[in-house]
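Content type compact mmCIF, C-alpha atoms, from the file input01.txt:
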# COMPACT_ATOMS: atom_id res chain seq x y z
CA MET A 138 0.00 0.00 0.00
CA THR A 139 1.36 3.45 -0.94
CA HIS A 140 1.56 6.29 1.56
CA ASP A 141 -1.34 7.96 -0.24
CA GLY A 142 -3.24 4.69 0.01
CA ILE A 143 -2.63 4.53 3.77
CA ILE A 144 -3.95 8.07 4.23
CA ALA A 145 -6.96 7.33 2.00
CA ALA A 146 -7.79 4.21 4.05
CA ALA A 147 -7.62 6.19 7.29
CA ARG A 148 -9.84 8.90 5.81
CA ALA A 149 -12.33 6.27 4.59
CA ALA A 150 -12.45 4.72 8.06
CA ARG A 151 -13.23 8.11 9.59
CA HIS A 152 -16.01 8.66 7.06
CA ALA A 153 -17.50 5.23 7.77
CA SER A 154 -17.33 5.78 11.51
CA HIS A 155 -19.87 8.60 11.36
CA ALA A 156 -22.62 6.23 10.24
CA LEU A 157 -21.49 3.31 12.39
CA GLY A 158 -21.96 5.27 15.59
CA ALA A 159 -25.66 5.65 14.83
CA LEU A 160 -26.42 2.11 13.59
CA PRO A 161 -29.27 0.37 15.44
CA ARG A 162 -28.33 -2.68 17.45
CA ALA A 163 -30.48 -4.92 15.22
CA VAL A 164 -28.44 -4.01 12.15
CA LYS A 165 -25.12 -4.58 13.89
CA ASP A 166 -26.21 -7.92 15.30
CA ALA A 167 -27.51 -9.05 11.91
CA VAL A 168 -24.12 -8.32 10.31
CA LEU A 169 -22.29 -10.29 13.00
CA LEU A 170 -24.64 -13.26 12.67
CA ASP A 171 -24.31 -13.15 8.88
CA LEU A 172 -20.52 -13.15 9.24
CA ALA A 173 -20.74 -16.12 11.63
CA ALA A 174 -22.75 -18.06 9.04
CA ARG A 175 -20.36 -17.14 6.23
CA LEU A 176 -17.35 -18.16 8.32
CA GLU A 177 -18.96 -21.47 9.21
CA ALA A 178 -19.81 -22.16 5.56
CA ASN A 179 -16.36 -21.15 4.31
CA ALA A 180 -14.22 -22.74 7.03
CA GLY A 181 -12.41 -24.90 4.47
CA ALA A 182 -11.30 -21.92 2.41
CA VAL A 183 -10.10 -20.09 5.52
CA LEU A 184 -8.11 -23.13 6.67
CA ALA A 185 -6.62 -23.49 3.18
CA ALA A 186 -5.46 -19.87 3.26
CA ASN A 187 -4.01 -20.46 6.71
CA GLY A 188 -2.24 -23.55 5.41
CA ALA A 189 -0.55 -21.41 2.77
CA ASP A 190 0.56 -18.95 5.45
CA LEU A 191 1.92 -21.78 7.60
CA ALA A 192 3.87 -23.31 4.72
CA ALA A 193 5.49 -19.97 3.93
CA ALA A 194 6.19 -19.33 7.62
CA ARG A 195 7.88 -22.70 8.09
CA ALA A 196 9.98 -22.13 4.98
CA ALA A 197 11.02 -18.76 6.38
CA GLY A 198 12.03 -20.34 9.69
CA LEU A 199 9.37 -18.66 11.86
CA ALA A 200 9.88 -19.52 15.53
CA ALA A 201 7.71 -22.29 17.03
CA PRO A 202 5.71 -20.01 19.39
CA LYS A 203 4.76 -17.74 16.48
CA LEU A 204 3.84 -20.76 14.36
CA GLN A 205 1.52 -21.90 17.13
CA ARG A 206 -0.15 -18.48 17.30
CA LEU A 207 -0.45 -18.41 13.50
CA THR A 208 -2.16 -21.79 13.24
CA LEU A 209 -5.91 -22.04 12.68
CA THR A 210 -7.79 -25.32 13.15
CA ALA A 211 -11.39 -26.40 12.74
CA ALA A 212 -11.76 -25.85 16.48
CA SER A 213 -10.38 -22.30 16.34
CA VAL A 214 -12.66 -21.42 13.42
CA ALA A 215 -15.58 -22.77 15.43
CA ALA A 216 -14.44 -20.61 18.35
CA MET A 217 -14.47 -17.53 16.10
CA VAL A 218 -18.00 -18.40 14.97
CA SER A 219 -19.08 -18.84 18.58
CA GLY A 220 -17.43 -15.55 19.54
CA LEU A 221 -19.34 -13.68 16.84
CA ARG A 222 -22.62 -15.09 18.10
CA GLN A 223 -21.73 -14.26 21.69
CA VAL A 224 -20.88 -10.67 20.80
CA SER A 225 -24.13 -10.31 18.88
CA ALA A 226 -26.03 -11.44 21.98
CA LEU A 227 -24.34 -8.91 24.28
CA PRO A 228 -26.06 -5.61 25.09
CA ASP A 229 -25.15 -2.72 22.81
CA PRO A 230 -22.93 -0.35 24.82
CA VAL A 231 -23.60 2.63 22.54
CA GLY A 232 -26.09 4.99 24.16
CA ALA A 233 -26.02 3.23 27.53
CA VAL A 234 -26.52 5.73 30.37
CA VAL A 235 -23.73 5.38 32.92
CA ARG A 236 -25.02 8.09 35.27
CA GLU A 237 -27.96 10.48 35.36
CA GLN A 238 -28.66 13.39 37.68
CA ARG A 239 -30.67 16.59 37.88
CA VAL A 240 -28.25 19.40 38.81
CA PRO A 241 -29.25 22.51 40.84
CA SER A 242 -29.78 24.58 37.68
CA GLY A 243 -32.53 22.16 36.65
CA MET A 244 -30.61 20.58 33.76
CA LEU A 245 -30.78 16.82 33.33
CA VAL A 246 -27.20 15.61 32.96
CA ARG A 247 -26.42 12.15 31.64
CA ARG A 248 -23.14 10.39 31.01
CA VAL A 249 -23.63 8.21 27.95
CA ARG A 250 -21.43 5.64 26.24
CA SER A 251 -20.25 6.65 22.79
CA PRO A 252 -17.97 5.02 20.18
CA LEU A 253 -14.29 5.95 20.15
CA GLY A 254 -14.51 6.47 16.37
CA VAL A 255 -11.67 4.74 14.51
CA VAL A 256 -9.57 2.05 16.18
CA CYS A 257 -6.31 0.85 14.66
CA MET A 258 -4.95 -2.45 15.86
CA ILE A 259 -1.43 -3.62 15.03
CA TYR A 260 -0.72 -7.29 15.76
CA GLU A 261 1.38 -10.28 14.79
CA ALA A 262 0.27 -13.79 13.77
CA ARG A 263 -3.08 -14.67 15.46
CA PRO A 264 -5.48 -14.41 12.49
CA ASN A 265 -8.39 -15.06 14.88
CA VAL A 266 -7.76 -11.53 16.20
CA THR A 267 -9.01 -10.21 12.85
CA ILE A 268 -12.50 -11.54 13.53
CA ASP A 269 -12.57 -10.74 17.25
CA ALA A 270 -11.32 -7.18 16.72
CA PHE A 271 -13.76 -6.48 13.90
CA ALA A 272 -16.72 -7.88 15.84
CA LEU A 273 -16.01 -5.86 18.96
CA CYS A 274 -15.16 -2.63 17.17
CA PHE A 275 -18.23 -2.91 14.95
CA LYS A 276 -20.65 -3.70 17.78
CA ALA A 277 -19.24 -0.73 19.73
CA GLY A 278 -19.86 1.54 16.73
CA ASN A 279 -16.25 1.95 15.64
CA ALA A 280 -14.56 1.61 12.28
CA CYS A 281 -11.34 -0.38 12.47
CA ILE A 282 -8.03 -0.58 10.67
CA LEU A 283 -6.38 -3.93 11.35
CA LYS A 284 -2.71 -4.20 10.55
CA GLY A 285 -1.87 -7.90 10.79
CA GLY A 286 1.54 -9.44 10.30
CA LYS A 287 2.77 -10.43 6.86
CA GLU A 288 3.02 -14.02 8.08
CA ALA A 289 -0.81 -14.14 8.30
CA ALA A 290 -1.56 -12.21 5.10
CA ALA A 291 -3.56 -14.92 3.32
CA SER A 292 -5.53 -15.88 6.42
CA ASN A 293 -6.40 -12.27 7.23
CA ALA A 294 -7.40 -11.54 3.63
CA ALA A 295 -9.76 -14.53 3.59
CA LEU A 296 -11.37 -13.43 6.85
CA ALA A 297 -11.62 -9.80 5.70
CA ASP A 298 -13.37 -10.90 2.49
CA LEU A 299 -16.06 -12.63 4.55
CA ALA A 300 -16.50 -9.58 6.79
CA HIS A 301 -16.77 -7.25 3.81
CA ALA A 302 -19.40 -9.51 2.26
CA ALA A 303 -21.44 -9.32 5.47
CA LEU A 304 -21.09 -5.52 5.52
CA ALA A 305 -22.10 -5.28 1.87
CA GLY A 306 -25.15 -7.42 2.52
CA ALA A 307 -26.37 -4.79 4.98
CA GLY A 308 -25.42 -1.85 2.75
CA ILE A 309 -22.72 -0.63 5.14
CA ASP A 310 -19.72 1.43 4.03
CA PRO A 311 -16.76 -0.94 3.45
CA GLY A 312 -14.54 1.63 5.18
CA ALA A 313 -15.85 0.12 8.41
CA LEU A 314 -13.07 -2.47 8.05
CA THR A 315 -9.62 -2.12 6.53
CA VAL A 316 -7.20 -5.05 6.77
CA VAL A 317 -3.58 -4.58 5.72
CA SER A 318 -0.60 -6.88 6.16
CA ALA A 319 2.37 -5.87 4.01
CA LEU A 320 3.46 -2.58 5.56
CA SER A 321 7.11 -1.64 5.99
CA ARG A 322 8.23 0.21 9.10
CA GLU A 323 8.21 3.39 7.01
CA ASP A 324 4.60 2.68 5.98
CA LEU A 325 3.70 2.00 9.60
CA LEU A 326 5.12 5.38 10.59
CA VAL A 327 2.77 7.01 8.08
CA LEU A 328 -0.18 5.14 9.58
CA LEU A 329 0.82 6.22 13.10
CA GLU A 330 0.79 9.86 11.97
CA GLN A 331 -2.92 9.84 11.02
CA ASP A 332 -4.19 11.41 14.22
CA ALA A 333 -6.76 13.41 12.23
CA PHE A 334 -8.54 10.16 11.30
CA ILE A 335 -7.61 7.54 13.92
CA ASP A 336 -8.61 7.84 17.58
CA LEU A 337 -6.81 4.92 19.24
CA VAL A 338 -3.94 2.56 18.38
CA ILE A 339 -3.66 -0.82 20.05
CA PRO A 340 -0.34 -2.64 19.52
CA ARG A 341 -0.47 -6.34 20.40
CA GLY A 342 2.58 -8.49 19.93
CA GLY A 343 6.26 -8.66 20.81
CA THR A 344 8.20 -6.17 22.90
CA ASP A 345 9.90 -4.59 19.88
CA LEU A 346 6.60 -3.94 18.10
CA ILE A 347 4.93 -2.39 21.14
CA ARG A 348 7.90 -0.16 21.93
CA PHE A 349 8.10 0.97 18.31
CA VAL A 350 4.42 1.93 18.23
CA ALA A 351 4.51 3.67 21.62
CA ARG A 352 7.60 5.63 20.60
CA HIS A 353 6.37 6.81 17.21
CA SER A 354 2.59 7.13 17.41
CA ARG A 355 0.97 10.56 17.34
CA ILE A 356 -2.23 8.78 18.32
CA PRO A 357 -3.08 7.66 21.89
CA THR A 358 -2.15 4.03 22.49
CA VAL A 359 -3.33 1.27 24.79
CA GLN A 360 -0.56 -1.29 25.12
CA HIS A 361 -1.14 -5.03 25.20
CA TYR A 362 2.26 -5.89 26.56
CA GLN A 363 3.88 -9.19 27.51
CA GLY A 364 2.36 -11.51 30.09
CA VAL A 365 4.81 -12.52 32.81
CA CYS A 366 2.16 -14.38 34.81
CA HIS A 367 2.73 -15.94 38.24
CA VAL A 368 0.91 -18.44 40.43
CA PHE A 369 1.69 -18.24 44.16
CA VAL A 370 1.01 -21.52 45.98
CA GLU A 371 0.39 -20.35 49.54
CA ALA A 372 0.99 -22.50 52.64
CA SER A 373 -2.68 -23.48 53.10
CA ALA A 374 -3.27 -24.42 49.44
CA ASP A 375 -5.03 -27.58 48.35
CA LEU A 376 -2.05 -29.22 46.66
CA ASP A 377 -4.12 -31.22 44.17
CA LEU A 378 -5.81 -28.00 43.07
CA ALA A 379 -2.51 -26.15 42.96
CA GLU A 380 -0.91 -28.82 40.80
CA ARG A 381 -3.80 -28.76 38.32
CA ILE A 382 -3.84 -24.96 38.11
CA CYS A 383 -0.08 -24.77 37.57
CA VAL A 384 0.26 -27.58 35.03
CA THR A 385 -2.71 -26.62 32.87
CA GLY A 386 -1.79 -22.93 33.17
CA LYS A 387 1.44 -23.77 31.37
CA THR A 388 0.37 -26.53 29.00
CA SER A 389 -3.10 -25.61 27.69
CA ALA A 390 -1.73 -22.84 25.44
CA PRO A 391 1.91 -22.08 26.26
CA ALA A 392 2.33 -19.41 23.56
CA THR A 393 -0.44 -17.13 24.86
CA CYS A 394 0.06 -14.01 26.95
CA ASN A 395 -2.00 -15.41 29.86
CA ALA A 396 0.01 -18.64 30.14
CA LEU A 397 1.77 -19.30 33.43
CA GLU A 398 5.46 -18.36 33.33
CA CYS A 399 6.56 -18.67 36.97
CA VAL A 400 5.41 -20.67 40.01
CA LEU A 401 6.11 -19.24 43.45
CA VAL A 402 5.90 -21.79 46.28
CA ASP A 403 5.57 -20.90 49.95
CA ARG A 404 8.60 -22.20 51.82
CA ALA A 405 6.30 -23.80 54.42
CA ILE A 406 5.02 -26.37 51.88
CA ALA A 407 7.96 -26.54 49.50
CA ARG A 408 9.10 -30.04 50.56
CA ALA A 409 5.61 -31.42 50.06
CA PHE A 410 4.75 -29.59 46.83
CA VAL A 411 7.88 -28.96 44.77
CA PRO A 412 8.76 -32.61 43.96
CA ARG A 413 5.19 -33.46 42.90
CA LEU A 414 4.86 -30.28 40.83
CA VAL A 415 8.14 -30.94 39.03
CA ALA A 416 7.12 -34.55 38.34
CA ALA A 417 3.75 -33.43 36.95
CA MET A 418 5.38 -30.77 34.78
CA ALA A 419 7.91 -33.28 33.45
CA ALA A 420 5.11 -35.73 32.62
CA ALA A 421 3.44 -32.94 30.63
CA GLY A 422 6.64 -32.17 28.72
CA VAL A 423 7.43 -28.94 30.57
CA GLU A 424 10.99 -27.91 31.37
CA VAL A 425 11.26 -26.49 34.91
CA ARG A 426 13.94 -23.91 35.64
CA ALA A 427 14.29 -23.82 39.42
CA ASP A 428 16.11 -21.54 41.84
CA GLY A 429 18.76 -23.10 44.06
CA GLU A 430 16.46 -23.89 46.98
CA ALA A 431 13.84 -25.55 44.77
CA LEU A 432 16.50 -27.38 42.76
CA ALA A 433 17.69 -29.08 45.95
CA LEU A 434 14.20 -30.54 46.45
CA CYS A 435 13.86 -31.87 42.90
CA PRO A 436 14.77 -35.43 41.87
CA PRO A 437 18.11 -35.45 40.02
CA GLY A 438 17.75 -34.48 36.37
CA SER A 439 14.10 -33.50 36.70
CA CYS A 440 14.73 -29.77 36.31
CA VAL A 441 17.51 -27.34 35.50
CA ALA A 442 19.06 -24.47 37.41
CA ALA A 443 17.38 -21.15 36.68
CA SER A 444 19.46 -18.19 35.56
CA PRO A 445 18.63 -14.68 36.80
CA GLU A 446 17.13 -13.94 33.37
CA ASP A 447 14.54 -16.70 33.79
CA PHE A 448 12.60 -14.61 36.29
CA GLY A 449 10.54 -11.86 34.67
CA ARG A 450 10.68 -13.71 31.36
CA GLU A 451 7.83 -14.55 29.00
CA PHE A 452 8.87 -17.98 27.70
CA LEU A 453 5.85 -18.56 25.41
CA ASP A 454 6.91 -22.20 25.36
CA LEU A 455 6.75 -25.37 27.47
CA ILE A 456 9.15 -23.86 30.00
CA VAL A 457 8.32 -22.54 33.47
CA ALA A 458 10.38 -20.88 36.19
CA LEU A 459 10.11 -22.04 39.81
CA ARG A 460 11.09 -20.17 42.98
CA ILE A 461 10.57 -20.77 46.69
CA VAL A 462 9.49 -17.65 48.56
CA ASP A 463 9.03 -16.65 52.18
CA GLY A 464 5.23 -16.55 52.44
CA SER A 465 2.98 -13.87 50.99
CA GLU A 466 5.53 -11.11 51.55
CA GLY A 467 8.11 -12.95 49.48
CA ALA A 468 5.61 -13.72 46.70
CA ILE A 469 4.28 -10.17 46.51
CA GLY A 470 7.81 -8.76 46.52
CA HIS A 471 8.79 -11.07 43.65
CA ILE A 472 5.70 -10.13 41.62
CA ARG A 473 6.30 -6.42 42.16
CA ARG A 474 9.82 -6.83 40.84
CA TYR A 475 9.19 -9.19 37.93
CA GLY A 476 5.48 -8.96 37.02
CA SER A 477 4.19 -7.22 33.90
CA ASN A 478 0.79 -5.99 35.14
CA HIS A 479 -0.90 -8.80 33.22
CA THR A 480 -2.20 -11.68 35.36
CA GLU A 481 -1.34 -12.91 38.86
CA ALA A 482 -2.93 -15.74 40.87
CA ILE A 483 -2.84 -17.21 44.36
CA VAL A 484 -3.86 -20.71 45.37
CA THR A 485 -4.94 -20.73 49.00
CA ARG A 486 -7.57 -21.82 51.53
CA ASN A 487 -6.77 -18.86 53.77
CA GLU A 488 -9.31 -16.06 53.25
CA ARG A 489 -7.02 -13.47 54.83
CA ALA A 490 -4.12 -14.43 52.55
CA ALA A 491 -6.44 -14.26 49.53
CA SER A 492 -7.80 -10.85 50.51
CA ASP A 493 -4.31 -9.49 51.16
CA PHE A 494 -3.09 -10.75 47.77
CA LEU A 495 -6.04 -9.21 45.92
CA ARG A 496 -5.56 -5.89 47.67
CA ARG A 497 -1.81 -5.58 47.27
CA VAL A 498 -1.02 -7.20 43.90
CA GLN A 499 -1.50 -4.87 40.94
CA ALA A 500 -2.34 -6.59 37.68
CA SER A 501 -4.98 -6.28 35.01
CA CYS A 502 -6.53 -9.44 36.50
CA THR A 503 -5.80 -10.95 39.92
CA LEU A 504 -7.27 -14.36 40.70
CA VAL A 505 -7.82 -16.65 43.67
CA ASN A 506 -7.84 -20.41 43.10
CA ALA A 507 -8.09 -20.11 39.31
CA SER A 508 -5.67 -20.35 36.41
CA THR A 509 -4.02 -17.31 34.84
CA ARG A 510 -5.48 -18.63 31.59
CA MET A 511 -8.90 -17.43 32.79
CA ASN A 512 -7.88 -13.80 32.15
CA ASP A 513 -9.63 -13.90 28.80
CA GLY A 514 -12.57 -12.02 27.34
CA ALA A 515 -14.75 -15.09 26.79
CA SER A 516 -13.94 -16.52 30.23
CA LEU A 517 -14.78 -13.23 31.93
CA GLY A 518 -18.11 -12.81 30.15
CA LEU A 519 -17.08 -10.29 27.49
CA GLY A 520 -17.84 -12.62 24.57
CA ALA A 521 -14.45 -11.90 23.04
CA GLU A 522 -11.63 -9.43 23.49
CA ILE A 523 -9.57 -7.18 21.32
CA GLY A 524 -6.63 -7.97 23.60
CA ILE A 525 -5.54 -7.66 27.22
CA SER A 526 -4.39 -4.17 28.14
CA THR A 527 -1.51 -3.83 30.57
CA SER A 528 -1.85 -0.05 30.50
CA ARG A 529 -3.81 1.54 33.33
CA VAL A 530 -5.23 4.49 31.40
CA HIS A 531 -8.64 4.06 29.73
CA ALA A 532 -8.63 0.25 29.85
CA TYR A 533 -6.95 -2.36 32.07
CA GLY A 534 -7.36 -6.05 31.34
CA PRO A 535 -9.38 -7.70 28.56
CA MET A 536 -10.85 -5.07 26.25
CA GLY A 537 -14.44 -5.85 25.35
CA LEU A 538 -17.30 -3.71 24.14
CA GLU A 539 -17.35 -1.17 26.97
CA GLU A 540 -13.60 -0.62 26.72
CA LEU A 541 -14.07 0.31 23.04
CA THR A 542 -16.33 3.19 23.98
CA THR A 543 -15.85 6.46 25.79
CA VAL A 544 -18.30 8.36 27.99
CA ARG A 545 -19.64 11.76 26.99
CA TYR A 546 -22.15 14.19 28.51
CA VAL A 547 -25.67 14.57 27.13
CA VAL A 548 -27.58 17.44 28.70
CA GLU A 549 -31.25 18.49 28.53
CA GLY A 550 -31.97 22.03 29.60
CA SER A 551 -34.87 24.48 29.68
CA GLY A 552 -33.14 27.74 28.84
CA GLN A 553 -30.30 27.74 31.38
CA THR A 554 -27.58 30.35 30.66
CA ARG A 555 -24.53 31.81 32.39

Would you write out, as structure tokens, the structure that this file holds?
Amino acid sequence: MTHDGIIAAARAARHASHALGALPRAVKDAVLLDLAARLEANAGAVLAANGADLAAARAAGLAAPKLQRLTLTAASVAAMVSGLRQVSALPDPVGAVVREQRVPSGMLVRRVRSPLGVVCMIYEARPNVTIDAFALCFKAGNACILKGGKEAAASNAALADLAHAALAGAGIDPGALTVVSALSREDLLVLLEQDAFIDLVIPRGGTDLIRFVARHSRIPTVQHYQGVCHVFVEASADLDLAERICVTGKTSAPATCNALECVLVDRAIARAFVPRLVAAMAAAGVEVRADGEALALCPPGSCVAASPEDFGREFLDLIVALRIVDGSEGAIGHIRRYGSNHTEAIVTRNERAASDFLRRVQASCTLVNASTRMNDGASLGLGAEIGISTSRVHAYGPMGLEELTTVRYVVEGSGQTR
């Protein structure tokens, strides 16, 4: 795409956004349900396009974690279809009254949800994000520009074609969705300069990508940064529960941002829990990198010595760090030093320890007796998510429909002046 083409696409998105903000819920839901049906009917073509992307990515030597995030399956297509239907069933946030009051002057003052306008998302691999991001932006009344990675170009194009067909079927401006893949860094800089047309940029991907966008964007950004997620197994924990939470938190989807990256074990139960955890991780094919104290409790050869760099690291692979800590104070201190504001969990039967952890640990999602993998839009009742924000301004955690709106004032008067 030429620089003029990038500017034209941003201008077209702004133009489309004016009508989108006023679309009735019934129209928006019909488009999403139509897209769900088209995706279900054309799953084979989407998977074929993804197969072409995967073949090219393997030939180019793409790293295994990125290959995993790039891969679509029949199950993941079905999940996209389900997500579209869930989003269509959610209440429309646009026009929702957040607060209403009659002020002393007699005016009726309401705070009402309103679309952001144009949302630009920049992401790598993960073609399913194309559908989730479009669905959420569209339902919230926003136009979207989706800049996927070149490794997913064929997959994203196939999905965009289906979305454009659904838009066309309802007579909606195609500028509501722009999908681009092959942009150079110079092209991306041009896109990030379009503050006259784009209201929010959401970078989602590796550290280098997010830092580049944050450094160069003229447009406000919400960052979906790395997930260095911890589980603290507190002294009173049910060890069977703790083992299940830790093992599945690492193995169910190791290349995702909400996967477990480090287990912190209370020293009081380390002798009882560390050997069984290491054995369970080994049986699941997970490499455990343990600190010196934990290493001494592990059967010979069952884990390796952790380096300092293994703490605070997003492995995105079947690797997990392990450290023994001195109770809640030690766990919270470790998380404050190494956490990434993404997801933190405690396994405990002590209500005071749970309450203290929830109060003192800052993260976009803090859990008690549940896996870090549950920090997910669908799991938290949002239907889907555009990503998980680790910023604290505007949105924090999974970004669903409400997080893709702002709140404005709507006032009814009867001649009040100043």

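Comparing the minimum interatomic distances between Ala173 of chain A and each of A:Leu459, A:Val218, A:Val240, A:Cys440, counting only C-alpha atoms, we find that A:Val218 sits nearest.
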
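Minimum distance to Val544 of chain A across A:Asp190, A:Val168, A:Ala145, A:Val249 (counting all atoms listed in the file) occurs at A:Val249.
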
>> Give me the residues near segment 325-342 of chain A as JSON, numbers by chain, where near means some atom within 9 Å (using only C-alpha atoms) and where sequence neighbours in that chain fewer than 6 positions away do not count.
In response: {"A": [140, 143, 144, 147, 148, 149, 150, 151, 152, 253, 254, 255, 256, 257, 258, 259, 260, 261, 262, 281, 282, 284, 348, 350, 351, 353, 354, 355, 356, 357, 358, 359, 360, 361, 362, 363, 523, 524, 525, 526]}

Edge lengths and centre, in Å to one decimal, as lines of an AutoDock Vina configuration file: that's what I need for the box along x, y and z that holds all listed atoms of segment 465-469 of chain A plus 3 Å on each side.
center_x = 5.5
center_y = -12.0
center_z = 49.0
size_x = 11.1
size_y = 9.7
size_z = 11.0

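Ranking A:Ala212, A:Ala490, A:Ala374, A:Val365 by their shortest atom-to-atom distance to Thr509 of chain A, with only C-alpha atoms included, puts A:Val365 first.
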
Extract, using all atoms listed in the file, all DNA, RNA and protein residues at most 10 Å from Leu157 of chain A, discarding same-chain residues fewer than 2 positions from it, and format them as a CSV table (one decimal) with C-alpha atoms, keeping the file's coordinate frame.
chain,number,residue,atom,x,y,z
A,151,ARG,CA,-13.2,8.1,9.6
A,152,HIS,CA,-16.0,8.7,7.1
A,153,ALA,CA,-17.5,5.2,7.8
A,154,SER,CA,-17.3,5.8,11.5
A,155,HIS,CA,-19.9,8.6,11.4
A,159,ALA,CA,-25.7,5.6,14.8
A,160,LEU,CA,-26.4,2.1,13.6
A,161,PRO,CA,-29.3,0.4,15.4
A,165,LYS,CA,-25.1,-4.6,13.9
A,252,PRO,CA,-18.0,5.0,20.2
A,254,GLY,CA,-14.5,6.5,16.4
A,274,CYS,CA,-15.2,-2.6,17.2
A,275,PHE,CA,-18.2,-2.9,15.0
A,276,LYS,CA,-20.6,-3.7,17.8
A,277,ALA,CA,-19.2,-0.7,19.7
A,278,GLY,CA,-19.9,1.5,16.7
A,279,ASN,CA,-16.2,2.0,15.6
A,280,ALA,CA,-14.6,1.6,12.3
A,309,ILE,CA,-22.7,-0.6,5.1
A,310,ASP,CA,-19.7,1.4,4.0
A,313,ALA,CA,-15.8,0.1,8.4

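Taking atom CA of Gly308 of chain A and atom CA of Val183 of chain A as endpoints, the distance between them is 24.0 Å.
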
What's the 10 Å shell around segment 477-481 of chain A, counting only C-alpha atoms, without same-chain residues fewer than 3 positions away, as a PDB file with C-alpha atoms, keeping the file's coordinate frame?
ATOM      1  CA  HIS A 361      -1.140  -5.030  25.200  1.00  0.00           C
ATOM      2  CA  TYR A 362       2.260  -5.890  26.560  1.00  0.00           C
ATOM      3  CA  GLN A 363       3.880  -9.190  27.510  1.00  0.00           C
ATOM      4  CA  GLY A 364       2.360 -11.510  30.090  1.00  0.00           C
ATOM      5  CA  VAL A 365       4.810 -12.520  32.810  1.00  0.00           C
ATOM      6  CA  CYS A 366       2.160 -14.380  34.810  1.00  0.00           C
ATOM      7  CA  HIS A 367       2.730 -15.940  38.240  1.00  0.00           C
ATOM      8  CA  VAL A 368       0.910 -18.440  40.430  1.00  0.00           C
ATOM      9  CA  PHE A 369       1.690 -18.240  44.160  1.00  0.00           C
ATOM     10  CA  CYS A 394       0.060 -14.010  26.950  1.00  0.00           C
ATOM     11  CA  ASN A 395      -2.000 -15.410  29.860  1.00  0.00           C
ATOM     12  CA  ALA A 396       0.010 -18.640  30.140  1.00  0.00           C
ATOM     13  CA  LEU A 397       1.770 -19.300  33.430  1.00  0.00           C
ATOM     14  CA  CYS A 399       6.560 -18.670  36.970  1.00  0.00           C
ATOM     15  CA  GLY A 449      10.540 -11.860  34.670  1.00  0.00           C
ATOM     16  CA  ARG A 450      10.680 -13.710  31.360  1.00  0.00           C
ATOM     17  CA  GLU A 451       7.830 -14.550  29.000  1.00  0.00           C
ATOM     18  CA  ILE A 469       4.280 -10.170  46.510  1.00  0.00           C
ATOM     19  CA  ILE A 472       5.700 -10.130  41.620  1.00  0.00           C
ATOM     20  CA  ARG A 473       6.300  -6.420  42.160  1.00  0.00           C
ATOM     21  CA  ARG A 474       9.820  -6.830  40.840  1.00  0.00           C
ATOM     22  CA  PHE A 494      -3.090 -10.750  47.770  1.00  0.00           C
ATOM     23  CA  LEU A 495      -6.040  -9.210  45.920  1.00  0.00           C
ATOM     24  CA  VAL A 498      -1.020  -7.200  43.900  1.00  0.00           C
ATOM     25  CA  GLN A 499      -1.500  -4.870  40.940  1.00  0.00           C
ATOM     26  CA  ALA A 500      -2.340  -6.590  37.680  1.00  0.00           C
ATOM     27  CA  SER A 501      -4.980  -6.280  35.010  1.00  0.00           C
ATOM     28  CA  CYS A 502      -6.530  -9.440  36.500  1.00  0.00           C
ATOM     29  CA  THR A 503      -5.800 -10.950  39.920  1.00  0.00           C
ATOM     30  CA  LEU A 504      -7.270 -14.360  40.700  1.00  0.00           C
ATOM     31  CA  VAL A 505      -7.820 -16.650  43.670  1.00  0.00           C
ATOM     32  CA  ALA A 507      -8.090 -20.110  39.310  1.00  0.00           C
ATOM     33  CA  SER A 508      -5.670 -20.350  36.410  1.00  0.00           C
ATOM     34  CA  THR A 509      -4.020 -17.310  34.840  1.00  0.00           C
ATOM     35  CA  ARG A 510      -5.480 -18.630  31.590  1.00  0.00           C
ATOM     36  CA  MET A 511      -8.900 -17.430  32.790  1.00  0.00           C
ATOM     37  CA  ASN A 512      -7.880 -13.800  32.150  1.00  0.00           C
ATOM     38  CA  ILE A 525      -5.540  -7.660  27.220  1.00  0.00           C
ATOM     39  CA  SER A 526      -4.390  -4.170  28.140  1.00  0.00           C
ATOM     40  CA  THR A 527      -1.510  -3.830  30.570  1.00  0.00           C
ATOM     41  CA  SER A 528      -1.850  -0.050  30.500  1.00  0.00           C
ATOM     42  CA  ARG A 529      -3.810   1.540  33.330  1.00  0.00           C
ATOM     43  CA  TYR A 533      -6.950  -2.360  32.070  1.00  0.00           C
ATOM     44  CA  GLY A 534      -7.360  -6.050  31.340  1.00  0.00           C
ATOM     45  CA  PRO A 535      -9.380  -7.700  28.560  1.00  0.00           C
TER      46      PRO A 535
END

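Here the question is which of A:Leu169, A:Leu519, A:Ile461, A:Val441 gets nearest to Ala300 of chain A using all atoms listed in the file, and that residue is A:Leu169.
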
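Across the structure, atom CA of Gly306 of chain A and atom CA of Leu273 of chain A are spaced 18.9 Å apart.
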
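Atom CA of Ala421 of chain A is positioned 12.3 Å from atom CA of Ser439 of chain A.
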
>> Need to verify the contact set: segment 411-418 of chain A, 10 Å, all atoms listed in the file, exclusion of same-chain residues closer than 4 positions in sequence. Can you return it as a ChimeraX atom specification?
In response: /A:376-377,379-381,383-385,387-388,400-404,406-407,422-427,431-436,439-440,455-457,459-461

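For the choices A:Ala201, A:Met217, A:Leu191, A:Val530, the atom-to-atom distance to Ser292 of chain A is smallest for A:Leu191 when using only C-alpha atoms.
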
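Closest approach to Ala390 of chain A among A:Thr139, A:Asn187, A:Gln205, A:Thr543 is made by A:Gln205 (distances from all atoms listed in the file).
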